[in-house]
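Q: If you scroll down you'll find the structure; I have some questions about it.
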Amino acid sequence: MIFTETPLKGSYLIEIEPINDERGFFSRLFCEKEFKELKLNTKWVQINNSLSKSSGTLRGLHLQNKPNTEIKLIRCIKGLIWDVIVDVRLGSSTYGQWFAETLSSKKRNMIYVPEGFAHGFISLEENSEIIYLNSEFYAPGSELTLFWNDSEVSINWPIKPIYISSKDKKGISLRELKKKFN
């Protein structure tokens, strides 16, 4: 696997290195040894699957607060998504900054999202499907949603969202989120 650190310290884009032959290819999606070498999480307790039926479906920006902070590893297994992470780690030099990458079933790339990041995505094709590994179990009492269109973060979404859940429409600002961490 090829790990490339993003401008937000601790987050990585991960590309597979397929071994091709006449049958197709073989590759690793996870290797404990390689993750440990970079001091990345190697314990996954939950694997989630999400399907967005329509292009323009926005999900996020989600995170869990202490004591249930989580790390995620996201891969698009069908279609195309624009995946976004926002650094909400208090004291971080990149606090409030975002990074995005297109994840697709064709590229087979992944993004590693460390603790203290909000995560979301918008589907760019119909029937886009992702799987993501979580380091912590879902804890509704610790769940927070950063407003997808917060002016302080200023994410430049590639398309206008068409479908947004009521929960995501009620997300809180970065300023309000900061108060939740105190």
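Ordering of the structure tokens sets the chain letters (A, B, ...), residue numbers begin anew at 1 in every chain, and ligands are numbered from 1 in the order given.
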Per residue of stretch 55-161 of chain A within 9 Å of stretch 13-26 of chain A, what are the shortest atom pair and its distance in Å to one decimal, counting only C-alpha atoms, with rows by chain and residue number, as a tab-separated table?

A:
residue	atom	partner	partner_atom	distance
A:Glu101	CA	A:Leu13	CA	8.3
A:Lys107	CA	A:Glu15	CA	8.0
A:Arg108	CA	A:Ile16	CA	6.9
A:Asn109	CA	A:Glu15	CA	4.8
A:Met110	CA	A:Ile14	CA	5.0
A:Ile111	CA	A:Leu13	CA	4.6
A:Tyr112	CA	A:Leu13	CA	6.4

Q: Store the residues picked out above in a file with N, CA and C atoms, as a PDB file, in the first residue's frame.

A:
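Once everything was written out, this is part13.pdb:
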ATOM      1  N   GLU A 101     -10.924  14.612  -0.981  1.00  0.00           N
ATOM      2  CA  GLU A 101     -10.372  13.764  -2.037  1.00  0.00           C
ATOM      3  C   GLU A 101     -11.523  12.991  -2.674  1.00  0.00           C
ATOM      4  N   LYS A 107     -10.575   3.904  -8.772  1.00  0.00           N
ATOM      5  CA  LYS A 107      -9.246   4.186  -8.211  1.00  0.00           C
ATOM      6  C   LYS A 107      -8.930   3.257  -7.040  1.00  0.00           C
ATOM      7  N   ARG A 108      -9.973   2.780  -6.354  1.00  0.00           N
ATOM      8  CA  ARG A 108      -9.814   1.890  -5.197  1.00  0.00           C
ATOM      9  C   ARG A 108      -8.958   2.519  -4.098  1.00  0.00           C
ATOM     10  N   ASN A 109      -9.031   3.837  -3.967  1.00  0.00           N
ATOM     11  CA  ASN A 109      -8.258   4.535  -2.945  1.00  0.00           C
ATOM     12  C   ASN A 109      -9.053   4.645  -1.654  1.00  0.00           C
ATOM     13  N   MET A 110      -8.357   4.989  -0.575  1.00  0.00           N
ATOM     14  CA  MET A 110      -8.976   5.090   0.747  1.00  0.00           C
ATOM     15  C   MET A 110      -8.459   6.348   1.438  1.00  0.00           C
ATOM     16  N   ILE A 111      -9.161   6.741   2.493  1.00  0.00           N
ATOM     17  CA  ILE A 111      -8.676   7.826   3.340  1.00  0.00           C
ATOM     18  C   ILE A 111      -8.732   7.369   4.790  1.00  0.00           C
ATOM     19  N   TYR A 112      -7.658   7.672   5.506  1.00  0.00           N
ATOM     20  CA  TYR A 112      -7.552   7.365   6.932  1.00  0.00           C
ATOM     21  C   TYR A 112      -7.858   8.653   7.681  1.00  0.00           C
TER      22      TYR A 112
END

Q: What lies within 9 Å of A:Glu125 using only C-alpha atoms, ignoring chain neighbours under 3 positions off, as a PyMOL selection string?

A: chain A and resi 52-56+79-81+128

Q: Please return, as a list in words, all residues of stretch 72-108 of chain A that DSSP assigns to strand (DSSP E) on the basis of the backbone.

A: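 In stretch 72-108 of chain A, DSSP puts these residues in strand (DSSP E): Lys72, Leu73, Ile74, Arg75, Cys76, Ile77, Lys78, Leu80, Ile81, Trp82, Asp83, Val84, Ile85, Val86, Asp87, Trp98, Phe99, Ala100, Glu101, Thr102, Leu103 and Ser104 of chain A.
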
Q: Residues of stretch 116-180 of chain A that approach stretch 38-46 of chain A to 6 Å or less, counting only C-alpha atoms: could you list each one with the shortest pair of atoms and its distance in Å to one decimal, rows by chain and increasing residue number, as a Markdown table?

A:
| residue | atom | partner | partner_atom | distance |
| --- | --- | --- | --- | --- |
| A:Leu133 | CA | A:Gln46 | CA | 5.9 |
| A:Asn134 | CA | A:Gln46 | CA | 5.2 |
| A:Ser135 | CA | A:Trp44 | CA | 4.5 |
| A:Glu136 | CA | A:Val45 | CA | 5.9 |

Q: Between A:Tyr12, A:Met1, A:Pro114, A:Leu61, which has the minimum distance to A:Glu34 (counting only C-alpha atoms)?

A: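 Closest to A:Glu34 of all the choices is A:Met1.
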
Q: Work out how far atom CA of A:Pro161 is from atom CA of A:Ser104, in Å to one decimal.

A: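 Interatomic distance here is 18.5 Å.
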